[in-house]
Amino acid sequence: MLATGTFHMGTLHAEVEANTVCTSSRPSPPMLSAPPLIEARAIVKRFGALLANDHVDLSVAECEVHALLGENGAGKSTLVKILYGLLQPTEGTLLWQGAPFSLHNPAEARQRGIGMVFQHFSLFDALTVAENVALALNGDEPVTRVAARLAEVSRAYGLPLEPGREVWRLSVGERQRIEIVRCLMQDPRLLILDEPTSVLTPQECEGLFATLERVKAEGCSVLYISHKLEEVRHICERATILRHGKVVGSCDPRQESAASLAEMMVGSKVAPARHDRLVMAGEVRLAVGGLSLRSPDPHGTSLRDIGFEVRAGEVFGIAGVAGNGQDELFAALSGEMLAETAGTIRIDGVATGQLGINARRLMGGAFVPEERLGHATAPSFRLSDNALASGHATNGFVRRGMIDRAATRAWVDRIVKAFDVRKGPRDPEAKALSGGNLQKFIVGREILRNPRLLIVSQPTWGVDAGAASLIRQALIDLSRSGAAVLVISQDLDELFEIADRMAVIFHGRISAPLDTEGLRREAVGLLMGGGGFSANIVDQAA
Amino acid sequence: MTMFEAILLTIITASTPLLIGAIGQLVCERSGVLNLGMEGMMIMGAACGFAAAILSGNSYVGVLAAILAGMAMSLIFAVLTLGLAANQVASGLALSIFGLGLSGVIGAPFVGAKRDQMAKLYLPGLTDIPVIGKALFGQDPFVYASFALVIGVWWFLARSKPGLVLRACGENHASAHALGYPVLKIRLLAILFGGGCAGLAGAYLSLVYTPFWSPGMTAGRGWIALAIVVFASWRPWRVLAGAYLFGGITILQLHAQGAGVKVPSQFMAALPYLVTILALVIIMRRRGGQKTAPASLGTPFVPDR
């Protein structure tokens with residue numbers, strides 16, 4: 001309705017009308033006279049001895065899509081929690097359209113028009129979509145009215161949702177839609193998204209970007225937190241980069257390359273994984289065929305007729321959106337859950353479907369589950385005890401029923417040295433390590449046993465770039481030394497970087513294997529969303 | 001009074017304290033707090049309620065004292081589990097043992113004292129209707145209060161926004177906190193409500209059911225009320241059904257013993273418990289093992305600042 005040149009962003013009115021229309025062709029940086037929509041000045045946030053934010057400055061202009069970049073633990077989440085009123089800054093001021101203000105709780109933030117889409121969704125599984133939305137709205141609107149308004153907004157934005165469904169029945173993409181729609185229902189001026197695409201398929205990401213474009217056109221600013229650099233270059237106009245709680249730079253990401261952004265984030269160059277071409281895959285090490293398994297969890301996904309082979313010398317990837325049967329597949333392959341018939345899982349041709357995890361370890365298997373604390377390690381056990389926990393059958397740590405402490409400690413020292421695990425004391429508790437260092441320990445613990453078959457789930461989930469690169473390289477090197485490596489991952493970039501072949505898991509079924517070389521991401525994305533899946537299964541049978 | 005009428009009236013009397021105790025505990029558990037101190041809070045209500053009624057000569061003062069005693073007990077629990085994030089199971093068990101002991105001290109001077117039962121409602125005409133008149137229109141105020149509580153709690157949880165917020169805290173306290181709800185404050189109020197109801201249930205025992213004080217007089221009813229909440233899969237109407245099922249079988253087996261049924265009396269006395277366990281197993285199986293408990297039940301919440 002308003003032409004680019006005439007619209008009233010440039011006026012000195014402190015209050016810009018809520019229905020201001022922005023166009024994407026607006027010049028940036030914004031005109032000098034308009035104060036930023038929100039500004040944080042010299043924010044300091046201290047948790048005990050930890051300085052999470054150290055004099056951080058951030059400003060988001062009206063109708064701007066602004067990226068907040070940084071590695072895990074750089075202080076991004078802390079900063080946005082302050083902007084949403086969830087945390088109080090130790091020092092520093094917040095300004096809204098140039099005027100200082102403070103936020104005591106999220107209700108005040110919502111009042112002002114600040115909406116937030118959380119990284120780990122803030123949803124209630126047992127409640128319905130409408131109830132979840134009602135909880136995030138200020139005021140006493142009855143749930144039935146919320147449901148009606150929700151249906152209207154979700155239709156208007158092309159984000160379909162059924163108000164009466166319980167959340168646990170929904171896919172990850174649909175859950176995120178709830179969070180976005182409930183922000184939109186409050187006519188937001190600033191939408192904060194914390195790592196919104198880490199759980200989405202490439203197609204779902206495109207849908208999200210289209211929504212953001214539209215939200216922006218309606219006069220809303222977006223603060224976009226991510227460590228996916230291509231994405232940031234694609235949709236953001238400005239970026240602020242955090243490292244160790246400090247702002248280390250800001251830039252226009254469209255003018256930068258992914259490599260230069262990564263360098264700013266990490267503070268040094270990150271080498272891409274060195275990847276020798278797979279010369280020739282060896283014999284079949286792991287053969288899965290006709291594996292069906294009922295999930296014991298009522299909210300889980302049962303496996304249906306899974307079949308694939310992993311050969312010695314290759315890295316085989318299994319892509320898929322979380323919750324499509326990955327947990328069940330890992331449990332079946334590792335022996336945490338037994339298959340119905342032994343022949344559905346074979347290691348080196350031996351039927352192992354009904355053998356326990358130790359028997360499979362003794363055959364050369366090694367397993368790294370997704371959850372670092374609580375599954376791969378006991379959080380309050382020392383590293384040496386955690387090393388014993390996975391190596392008691394194979395590493396000779398136990399003699400006549402007694403633990404050989406010297407051997408477990410020496411083993412920890414070896415892992416620490418080989419995998420650059422950084423820690424304080426010699427043998428700390430597992431929970432004292434950072435995510436990246438603990439993951440290096442866990443992966444190292446299995447790789448140093450020289451397994452013939454390594455099965456690893458989400459090897460670099462939530463791990464800093466340095467540790468992720470080290471782990472990926474170790475997986476490739478292990479495969480090239482003659483082991484078969486199976487990587488279950490939601491991170492498509494990761495699989496494209498390290499896998500020689502990959503298959504997609506969807507609703508407990510698996511696609512035919514695809515060669516990574518020459519493979520298009522869109523093709524994998526389509527499978528991850530279930531598109532063309534039945535056709536694929538037909539191909540497999542033919 | 002016919003036999004049927006007598007049975008009906010005693011069933012109501014046996015079920016009411018269970019119903020009042022369980023409905024309060026249900027609210028507490030829906031907010032994510034498991035308070036196993038039920039038995040201790042209930043018996044403190046019985047002791048303090050009886051003592052206050054004797055001293056003041058007024059049953060309603062006794063009722064008020066019982067509610068306050070139950071709330072005071074639950075406040076101790078709240079300080080431990082919310083303030084200090086102590087283990088809820090251990091704190092609850094300790095509260096039960098503590099309540100049993102303390103009630104004995106408070107009640108000691110009143111052992112042997114006697115009071116009249118609290119007056120029952122009498123509406124000329126209505127109460128005189130045969131068979132159902134006494135059951136519907138001739139009860140004491142507690143019975144009507146227990147039904148009002150069930151309706152009120154159902155409406156609160158299913159229909160009101162504060163009730164939705166309370167359920168949200170029990171379902172996922174981290175998310176509720178992230179949305180800006182004061183999880184600990186909401187849980188404190190839920191615990192106090194549970195404590196008040198437990199105290200009220202105790203007052204019913206010492207002011208209506210028996211009506212006198214003897215140490216340990218709750219005789220495990222607090223534990224049964226806890227079981228009924230699980231039996232009811234945390235739904236108010238099913239709590240009503242569970243309380244009356246248990247109360248009903250307790251009374252029927254007494255009448256069966258009285259009628260000289262040739263079954264060992266010990267077995268008959270165990271029957272209500274057996275039926276409760278059976279019903280629990282059947283309900284769980286029919287639901288295919290699906291979880292119905294509030295997801296955060298029993299887990300302490302410590303917000304970061």
# chains A, B, ... in the order shown; residues from 1 in each chain; ligands from 1
>>> residues_around(residues="region 261-274 of chain B", least_positions_apart="5", cutoff="6 Å", atoms="only C-alpha atoms", output="mmCIF file with N, CA and C atoms, in the first residue's frame")
data_model
loop_
_atom_site.group_PDB
_atom_site.id
_atom_site.type_symbol
_atom_site.label_atom_id
_atom_site.label_comp_id
_atom_site.auth_asym_id
_atom_site.auth_seq_id
_atom_site.Cartn_x
_atom_site.Cartn_y
_atom_site.Cartn_z
ATOM 1 N N PHE B 246 -14.217 -47.909 46.921
ATOM 2 C CA PHE B 246 -13.491 -48.394 48.090
ATOM 3 C C PHE B 246 -14.376 -48.354 49.338
ATOM 4 N N ILE B 249 -17.092 -51.133 49.200
ATOM 5 C CA ILE B 249 -16.668 -52.505 49.486
ATOM 6 C C ILE B 249 -16.320 -52.673 50.958
ATOM 7 N N THR B 250 -15.736 -51.607 51.553
ATOM 8 C CA THR B 250 -15.441 -51.666 52.988
ATOM 9 C C THR B 250 -16.708 -51.954 53.778
ATOM 10 N N GLN B 253 -18.404 -55.538 52.949
ATOM 11 C CA GLN B 253 -17.776 -56.709 53.564
ATOM 12 C C GLN B 253 -18.110 -56.774 55.055
ATOM 13 N N ALA B 256 -21.443 -58.281 55.161
ATOM 14 C CA ALA B 256 -21.352 -59.696 54.812
ATOM 15 C C ALA B 256 -20.855 -60.493 56.003
#
>>> interface_residues(of="chain A", to="chain B", cutoff="10 Å", atoms="only C-alpha atoms", output="ChimeraX atom specification")
/A:45-47,81,84-89,104-110,116,118,120-127,131-132,134-137,139-144,296-299
>>> write_last_selection(atoms="C-alpha atoms", output="PDB file, in the first residue's frame")
ATOM      1  CA  LYS A  45      25.110 -11.567  32.975  1.00  0.00           C
ATOM      2  CA  ARG A  46      26.948 -13.563  35.573  1.00  0.00           C
ATOM      3  CA  PHE A  47      26.081 -17.074  36.797  1.00  0.00           C
ATOM      4  CA  LYS A  81      16.415 -14.892  27.590  1.00  0.00           C
ATOM      5  CA  TYR A  84      12.369 -12.047  26.730  1.00  0.00           C
ATOM      6  CA  GLY A  85      12.371 -11.181  30.453  1.00  0.00           C
ATOM      7  CA  LEU A  86      13.275 -14.699  31.574  1.00  0.00           C
ATOM      8  CA  LEU A  87      16.585 -13.622  33.073  1.00  0.00           C
ATOM      9  CA  GLN A  88      17.536 -10.321  34.678  1.00  0.00           C
ATOM     10  CA  PRO A  89      20.848  -8.813  33.514  1.00  0.00           C
ATOM     11  CA  HIS A 104      10.646  -8.438  34.849  1.00  0.00           C
ATOM     12  CA  ASN A 105       8.979 -11.445  33.271  1.00  0.00           C
ATOM     13  CA  PRO A 106       7.941 -12.861  29.903  1.00  0.00           C
ATOM     14  CA  ALA A 107       4.386 -11.551  30.283  1.00  0.00           C
ATOM     15  CA  GLU A 108       5.770  -8.000  30.171  1.00  0.00           C
ATOM     16  CA  ALA A 109       7.815  -8.867  27.111  1.00  0.00           C
ATOM     17  CA  ARG A 110       4.732 -10.246  25.359  1.00  0.00           C
ATOM     18  CA  MET A 116       9.894 -16.063  21.270  1.00  0.00           C
ATOM     19  CA  PHE A 118      12.280 -21.636  21.803  1.00  0.00           C
ATOM     20  CA  HIS A 120      13.857 -26.814  22.842  1.00  0.00           C
ATOM     21  CA  PHE A 121      10.180 -26.221  22.421  1.00  0.00           C
ATOM     22  CA  SER A 122       8.345 -24.864  25.424  1.00  0.00           C
ATOM     23  CA  LEU A 123       5.329 -27.045  24.730  1.00  0.00           C
ATOM     24  CA  PHE A 124       3.277 -29.365  26.925  1.00  0.00           C
ATOM     25  CA  ASP A 125       2.946 -32.802  25.322  1.00  0.00           C
ATOM     26  CA  ALA A 126      -0.223 -33.892  27.071  1.00  0.00           C
ATOM     27  CA  LEU A 127      -2.117 -30.661  26.402  1.00  0.00           C
ATOM     28  CA  GLU A 131      -4.319 -25.070  25.434  1.00  0.00           C
ATOM     29  CA  ASN A 132      -0.650 -24.652  24.605  1.00  0.00           C
ATOM     30  CA  ALA A 134      -3.658 -20.123  25.537  1.00  0.00           C
ATOM     31  CA  LEU A 135      -0.822 -20.594  28.028  1.00  0.00           C
ATOM     32  CA  ALA A 136       1.400 -18.249  26.046  1.00  0.00           C
ATOM     33  CA  LEU A 137      -1.201 -15.481  25.779  1.00  0.00           C
ATOM     34  CA  GLY A 139      -5.079 -12.397  29.787  1.00  0.00           C
ATOM     35  CA  ASP A 140      -7.948 -14.727  30.489  1.00  0.00           C
ATOM     36  CA  GLU A 141      -9.227 -15.544  27.031  1.00  0.00           C
ATOM     37  CA  PRO A 142     -11.169 -18.827  27.255  1.00  0.00           C
ATOM     38  CA  VAL A 143      -9.597 -21.784  25.464  1.00  0.00           C
ATOM     39  CA  THR A 144     -12.546 -22.148  23.086  1.00  0.00           C
ATOM     40  CA  PRO A 296       7.740 -49.947  23.823  1.00  0.00           C
ATOM     41  CA  ASP A 297       7.110 -46.221  24.183  1.00  0.00           C
ATOM     42  CA  PRO A 298       3.502 -45.279  23.293  1.00  0.00           C
ATOM     43  CA  HIS A 299       4.846 -42.007  21.872  1.00  0.00           C
TER      44      HIS A 299
END
>>> residues_around(residues="Leu34 (chain B)", least_positions_apart="3", cutoff="7 Å", atoms="only C-alpha atoms", output="JSON, numbers by chain")
{"B": [29, 88, 297, 298]}
>>> residues_around(residues="Phe533 (chain A)", least_positions_apart="4", cutoff="9 Å", atoms="only C-alpha atoms", output="VMD selection string")
chain A and resid 506 509 to 511 526 to 529 537 to 538
>>> residues_around(residues="Met118 (chain B)", least_positions_apart="6", cutoff="7 Å", atoms="only C-alpha atoms", output="list in words")
Ser59, Asp140, Leu207 and Val208 of chain B
>>> write_last_selection(atoms="N, CA and C atoms", output="PDB file, in the first residue's frame")
ATOM      1  N   SER B  59     -18.303 -27.082  66.713  1.00  0.00           N
ATOM      2  CA  SER B  59     -17.745 -27.986  65.705  1.00  0.00           C
ATOM      3  C   SER B  59     -17.090 -27.227  64.568  1.00  0.00           C
ATOM      4  N   ASP B 140     -24.565 -34.736  56.616  1.00  0.00           N
ATOM      5  CA  ASP B 140     -23.870 -33.649  57.306  1.00  0.00           C
ATOM      6  C   ASP B 140     -23.195 -32.746  56.258  1.00  0.00           C
ATOM      7  N   LEU B 207     -14.860 -35.789  64.078  1.00  0.00           N
ATOM      8  CA  LEU B 207     -16.054 -35.028  64.481  1.00  0.00           C
ATOM      9  C   LEU B 207     -17.353 -35.696  64.029  1.00  0.00           C
ATOM     10  N   VAL B 208     -17.311 -36.530  63.008  1.00  0.00           N
ATOM     11  CA  VAL B 208     -18.537 -37.149  62.510  1.00  0.00           C
ATOM     12  C   VAL B 208     -18.464 -38.663  62.558  1.00  0.00           C
TER      13      VAL B 208
END
>>> atom_distance(atom1="CA of Leu200 (chain A)", atom2="CA of His66 (chain A)")
20.3 Å
>>> select_by_dssp(residues="region 45-190 of chain A", states="alpha helix (DSSP H)", output="ChimeraX atom specification")
/A:76-83,106-112,129-135,143-156,172-184
>>> residues_around(residues="region 64-74 of chain B", least_positions_apart="2", cutoff="7 Å", atoms="only C-alpha atoms", output="PyMOL selection string")
chain B and resi 41-42+44-46+48-49+52+60-62+76-78+191-192+195-200+203
>>> write_last_selection(atoms="N, CA and C atoms", output="mmCIF file, in the first residue's frame")
data_model
loop_
_atom_site.group_PDB
_atom_site.id
_atom_site.type_symbol
_atom_site.label_atom_id
_atom_site.label_comp_id
_atom_site.auth_asym_id
_atom_site.auth_seq_id
_atom_site.Cartn_x
_atom_site.Cartn_y
_atom_site.Cartn_z
ATOM 1 N N MET B 41 -0.937 -35.541 57.530
ATOM 2 C CA MET B 41 -1.740 -34.313 57.499
ATOM 3 C C MET B 41 -3.171 -34.617 57.939
ATOM 4 N N MET B 42 -3.660 -35.779 57.510
ATOM 5 C CA MET B 42 -5.034 -36.143 57.843
ATOM 6 C C MET B 42 -5.204 -36.341 59.342
ATOM 7 N N MET B 44 -3.341 -35.183 61.732
ATOM 8 C CA MET B 44 -3.191 -33.908 62.440
ATOM 9 C C MET B 44 -4.504 -33.138 62.373
ATOM 10 N N GLY B 45 -5.205 -33.201 61.244
ATOM 11 C CA GLY B 45 -6.508 -32.573 61.124
ATOM 12 C C GLY B 45 -7.488 -33.176 62.120
ATOM 13 N N ALA B 46 -7.444 -34.497 62.232
ATOM 14 C CA ALA B 46 -8.354 -35.174 63.158
ATOM 15 C C ALA B 46 -8.087 -34.740 64.596
ATOM 16 N N CYS B 48 -6.293 -32.024 65.814
ATOM 17 C CA CYS B 48 -6.474 -30.590 66.087
ATOM 18 C C CYS B 48 -7.945 -30.217 65.983
ATOM 19 N N GLY B 49 -8.634 -30.802 65.036
ATOM 20 C CA GLY B 49 -10.053 -30.504 64.885
ATOM 21 C C GLY B 49 -10.834 -30.911 66.121
ATOM 22 N N ALA B 52 -9.873 -28.623 69.126
ATOM 23 C CA ALA B 52 -10.444 -27.283 69.031
ATOM 24 C C ALA B 52 -11.942 -27.318 69.267
ATOM 25 N N TYR B 60 -17.654 -26.076 64.209
ATOM 26 C CA TYR B 60 -17.111 -25.352 63.061
ATOM 27 C C TYR B 60 -15.732 -24.770 63.369
ATOM 28 N N VAL B 61 -15.512 -24.383 64.614
ATOM 29 C CA VAL B 61 -14.164 -23.967 65.009
ATOM 30 C C VAL B 61 -13.216 -25.144 64.856
ATOM 31 N N GLY B 62 -13.708 -26.335 65.202
ATOM 32 C CA GLY B 62 -12.904 -27.549 65.045
ATOM 33 C C GLY B 62 -12.535 -27.784 63.590
ATOM 34 N N ILE B 76 5.203 -27.251 55.908
ATOM 35 C CA ILE B 76 6.519 -27.834 56.221
ATOM 36 C C ILE B 76 7.041 -28.575 54.998
ATOM 37 N N PHE B 77 6.155 -29.356 54.391
ATOM 38 C CA PHE B 77 6.513 -30.131 53.200
ATOM 39 C C PHE B 77 6.941 -29.192 52.073
ATOM 40 N N ALA B 78 6.191 -28.088 51.909
ATOM 41 C CA ALA B 78 6.490 -27.146 50.828
ATOM 42 C C ALA B 78 7.859 -26.508 51.027
ATOM 43 N N ILE B 191 -0.030 -27.315 47.041
ATOM 44 C CA ILE B 191 0.305 -28.123 48.222
ATOM 45 C C ILE B 191 -0.575 -27.723 49.398
ATOM 46 N N LEU B 192 -0.767 -26.396 49.568
ATOM 47 C CA LEU B 192 -1.593 -25.915 50.685
ATOM 48 C C LEU B 192 -3.042 -26.383 50.523
ATOM 49 N N GLY B 195 -3.138 -29.907 51.552
ATOM 50 C CA GLY B 195 -3.039 -30.005 52.999
ATOM 51 C C GLY B 195 -4.347 -29.648 53.679
ATOM 52 N N GLY B 196 -4.991 -28.576 53.199
ATOM 53 C CA GLY B 196 -6.272 -28.155 53.768
ATOM 54 C C GLY B 196 -7.319 -29.247 53.618
ATOM 55 N N CYS B 197 -7.367 -29.870 52.452
ATOM 56 C CA CYS B 197 -8.333 -30.946 52.218
ATOM 57 C C CYS B 197 -8.042 -32.137 53.122
ATOM 58 N N ALA B 198 -6.748 -32.453 53.294
ATOM 59 C CA ALA B 198 -6.389 -33.574 54.161
ATOM 60 C C ALA B 198 -6.843 -33.295 55.590
ATOM 61 N N GLY B 199 -6.630 -32.040 56.037
ATOM 62 C CA GLY B 199 -7.072 -31.669 57.378
ATOM 63 C C GLY B 199 -8.580 -31.804 57.517
ATOM 64 N N LEU B 200 -9.303 -31.374 56.495
ATOM 65 C CA LEU B 200 -10.765 -31.453 56.506
ATOM 66 C C LEU B 200 -11.216 -32.910 56.582
ATOM 67 N N ALA B 203 -10.824 -34.035 60.069
ATOM 68 C CA ALA B 203 -11.879 -33.519 60.940
ATOM 69 C C ALA B 203 -13.139 -34.362 60.803
#
>>> atom_distance(atom1="CA of Ser206 (chain B)", atom2="CA of Lys120 (chain B)")
15.4 Å
>>> select_by_dssp(residues="region 30-256 of chain A", states="strand (DSSP E)", output="PyMOL selection string")
chain A and resi 38-47+50-60+65-69+91-96+99-101+114-117+190-194+221-226+238-243+246-251
>>> write_last_selection(atoms="C-alpha atoms", output="mmCIF file, in the first residue's frame")
data_model
loop_
_atom_site.group_PDB
_atom_site.id
_atom_site.type_symbol
_atom_site.label_atom_id
_atom_site.label_comp_id
_atom_site.auth_asym_id
_atom_site.auth_seq_id
_atom_site.Cartn_x
_atom_site.Cartn_y
_atom_site.Cartn_z
ATOM 1 C CA ILE A 38 15.200 -2.758 20.579
ATOM 2 C CA GLU A 39 18.686 -2.113 21.838
ATOM 3 C CA ALA A 40 20.761 -3.802 24.510
ATOM 4 C CA ARG A 41 23.635 -1.776 25.911
ATOM 5 C CA ALA A 42 26.579 -3.242 27.803
ATOM 6 C CA ILE A 43 24.645 -6.248 29.047
ATOM 7 C CA VAL A 44 26.492 -8.285 31.672
ATOM 8 C CA LYS A 45 25.110 -11.567 32.975
ATOM 9 C CA ARG A 46 26.948 -13.563 35.573
ATOM 10 C CA PHE A 47 26.081 -17.074 36.797
ATOM 11 C CA LEU A 50 30.701 -17.870 34.852
ATOM 12 C CA LEU A 51 30.439 -14.682 32.811
ATOM 13 C CA ALA A 52 27.814 -15.612 30.218
ATOM 14 C CA ASN A 53 27.448 -12.116 28.736
ATOM 15 C CA ASP A 54 30.301 -9.632 29.002
ATOM 16 C CA HIS A 55 29.211 -6.083 28.049
ATOM 17 C CA VAL A 56 27.196 -7.191 25.045
ATOM 18 C CA ASP A 57 25.727 -4.552 22.720
ATOM 19 C CA LEU A 58 22.990 -5.487 20.291
ATOM 20 C CA SER A 59 20.492 -3.452 18.328
ATOM 21 C CA VAL A 60 17.722 -4.615 16.047
ATOM 22 C CA VAL A 65 16.017 -9.684 10.135
ATOM 23 C CA HIS A 66 19.008 -9.736 12.418
ATOM 24 C CA ALA A 67 21.195 -12.778 13.039
ATOM 25 C CA LEU A 68 22.830 -13.569 16.350
ATOM 26 C CA LEU A 69 25.712 -15.910 15.613
ATOM 27 C CA GLU A 91 24.371 -4.940 34.532
ATOM 28 C CA GLY A 92 23.371 -2.983 31.451
ATOM 29 C CA THR A 93 20.278 -1.358 29.987
ATOM 30 C CA LEU A 94 17.600 -2.227 27.470
ATOM 31 C CA LEU A 95 16.017 0.375 25.197
ATOM 32 C CA TRP A 96 12.760 0.073 23.279
ATOM 33 C CA ALA A 99 13.580 4.715 25.577
ATOM 34 C CA PRO A 100 15.040 2.691 28.462
ATOM 35 C CA PHE A 101 12.802 -0.047 29.809
ATOM 36 C CA ILE A 114 8.194 -9.524 21.942
ATOM 37 C CA GLY A 115 7.533 -13.140 20.973
ATOM 38 C CA MET A 116 9.894 -16.063 21.270
ATOM 39 C CA VAL A 117 10.201 -19.431 19.551
ATOM 40 C CA LEU A 190 9.937 -8.471 17.544
ATOM 41 C CA LEU A 191 10.064 -12.198 16.929
ATOM 42 C CA ILE A 192 12.982 -14.081 18.485
ATOM 43 C CA LEU A 193 13.793 -17.507 17.061
ATOM 44 C CA ASP A 194 16.358 -19.669 18.854
ATOM 45 C CA SER A 221 11.556 -7.377 13.303
ATOM 46 C CA VAL A 222 13.201 -10.770 13.631
ATOM 47 C CA LEU A 223 16.120 -11.779 15.802
ATOM 48 C CA TYR A 224 17.421 -15.023 14.371
ATOM 49 C CA ILE A 225 19.767 -17.195 16.370
ATOM 50 C CA SER A 226 21.616 -19.858 14.491
ATOM 51 C CA ARG A 238 22.715 -7.894 9.635
ATOM 52 C CA ALA A 239 24.565 -10.179 12.001
ATOM 53 C CA THR A 240 26.093 -9.784 15.435
ATOM 54 C CA ILE A 241 28.680 -12.375 16.345
ATOM 55 C CA LEU A 242 29.297 -13.535 19.904
ATOM 56 C CA ARG A 243 32.261 -15.472 21.176
ATOM 57 C CA LYS A 246 31.577 -10.982 24.062
ATOM 58 C CA VAL A 247 30.554 -9.306 20.824
ATOM 59 C CA VAL A 248 33.426 -9.911 18.430
ATOM 60 C CA GLY A 249 31.982 -8.242 15.378
ATOM 61 C CA SER A 250 28.976 -7.396 13.298
ATOM 62 C CA CYS A 251 28.542 -7.544 9.572
#
>>> residues_around(residues="Ala190 (chain B)", least_positions_apart="6", cutoff="7 Å", atoms="only C-alpha atoms", output="list of chain:residue names")
B:Val27, B:Cys28, B:Ser31
>>> closest_residue(among="B:Gly152, B:Pro130, B:Pro211, B:Leu36", to="Ala90 (chain B)", atoms="only C-alpha atoms")
B:Leu36
>>> atom_distance(atom1="CA of Val153 (chain B)", atom2="CA of Gly194 (chain B)")
11.5 Å
>>> closest_residue(among="B:Leu126, B:Val275, B:Val150, B:Ile186", to="Gly163 (chain B)", atoms="only C-alpha atoms")
B:Ile186
>>> decode(residues="region 129-133 of chain B", atoms="all heavy atoms", output="PDB file, in the first residue's frame")
ATOM      1  N   ILE B 129     -38.499 -38.479  52.629  1.00  0.00           N
ATOM      2  CA  ILE B 129     -38.784 -39.366  51.505  1.00  0.00           C
ATOM      3  C   ILE B 129     -38.142 -40.712  51.792  1.00  0.00           C
ATOM      4  O   ILE B 129     -36.978 -40.762  52.203  1.00  0.00           O
ATOM      5  CB  ILE B 129     -38.201 -38.791  50.182  1.00  0.00           C
ATOM      6  CG1 ILE B 129     -38.815 -37.431  49.875  1.00  0.00           C
ATOM      7  CG2 ILE B 129     -38.416 -39.763  49.013  1.00  0.00           C
ATOM      8  CD1 ILE B 129     -38.149 -36.721  48.718  1.00  0.00           C
ATOM      9  N   PRO B 130     -38.865 -41.789  51.611  1.00  0.00           N
ATOM     10  CA  PRO B 130     -38.273 -43.091  51.928  1.00  0.00           C
ATOM     11  C   PRO B 130     -37.078 -43.427  51.023  1.00  0.00           C
ATOM     12  O   PRO B 130     -36.996 -42.931  49.897  1.00  0.00           O
ATOM     13  CB  PRO B 130     -39.429 -44.082  51.717  1.00  0.00           C
ATOM     14  CG  PRO B 130     -40.545 -43.325  51.109  1.00  0.00           C
ATOM     15  CD  PRO B 130     -40.254 -41.875  51.176  1.00  0.00           C
ATOM     16  N   VAL B 131     -36.212 -44.255  51.508  1.00  0.00           N
ATOM     17  CA  VAL B 131     -35.013 -44.780  50.847  1.00  0.00           C
ATOM     18  C   VAL B 131     -33.990 -43.698  50.499  1.00  0.00           C
ATOM     19  O   VAL B 131     -32.883 -43.683  51.032  1.00  0.00           O
ATOM     20  CB  VAL B 131     -35.373 -45.612  49.598  1.00  0.00           C
ATOM     21  CG1 VAL B 131     -34.097 -46.275  49.047  1.00  0.00           C
ATOM     22  CG2 VAL B 131     -36.387 -46.684  49.952  1.00  0.00           C
ATOM     23  N   ILE B 132     -34.336 -42.771  49.606  1.00  0.00           N
ATOM     24  CA  ILE B 132     -33.318 -41.821  49.160  1.00  0.00           C
ATOM     25  C   ILE B 132     -33.326 -40.518  49.947  1.00  0.00           C
ATOM     26  O   ILE B 132     -32.396 -39.720  49.846  1.00  0.00           O
ATOM     27  CB  ILE B 132     -33.486 -41.482  47.662  1.00  0.00           C
ATOM     28  CG1 ILE B 132     -34.876 -40.930  47.400  1.00  0.00           C
ATOM     29  CG2 ILE B 132     -33.177 -42.681  46.784  1.00  0.00           C
ATOM     30  CD1 ILE B 132     -34.942 -40.078  46.155  1.00  0.00           C
ATOM     31  N   GLY B 133     -34.372 -40.264  50.720  1.00  0.00           N
ATOM     32  CA  GLY B 133     -34.487 -38.982  51.417  1.00  0.00           C
ATOM     33  C   GLY B 133     -33.302 -38.686  52.294  1.00  0.00           C
ATOM     34  O   GLY B 133     -32.652 -37.647  52.165  1.00  0.00           O
TER      35      GLY B 133
END
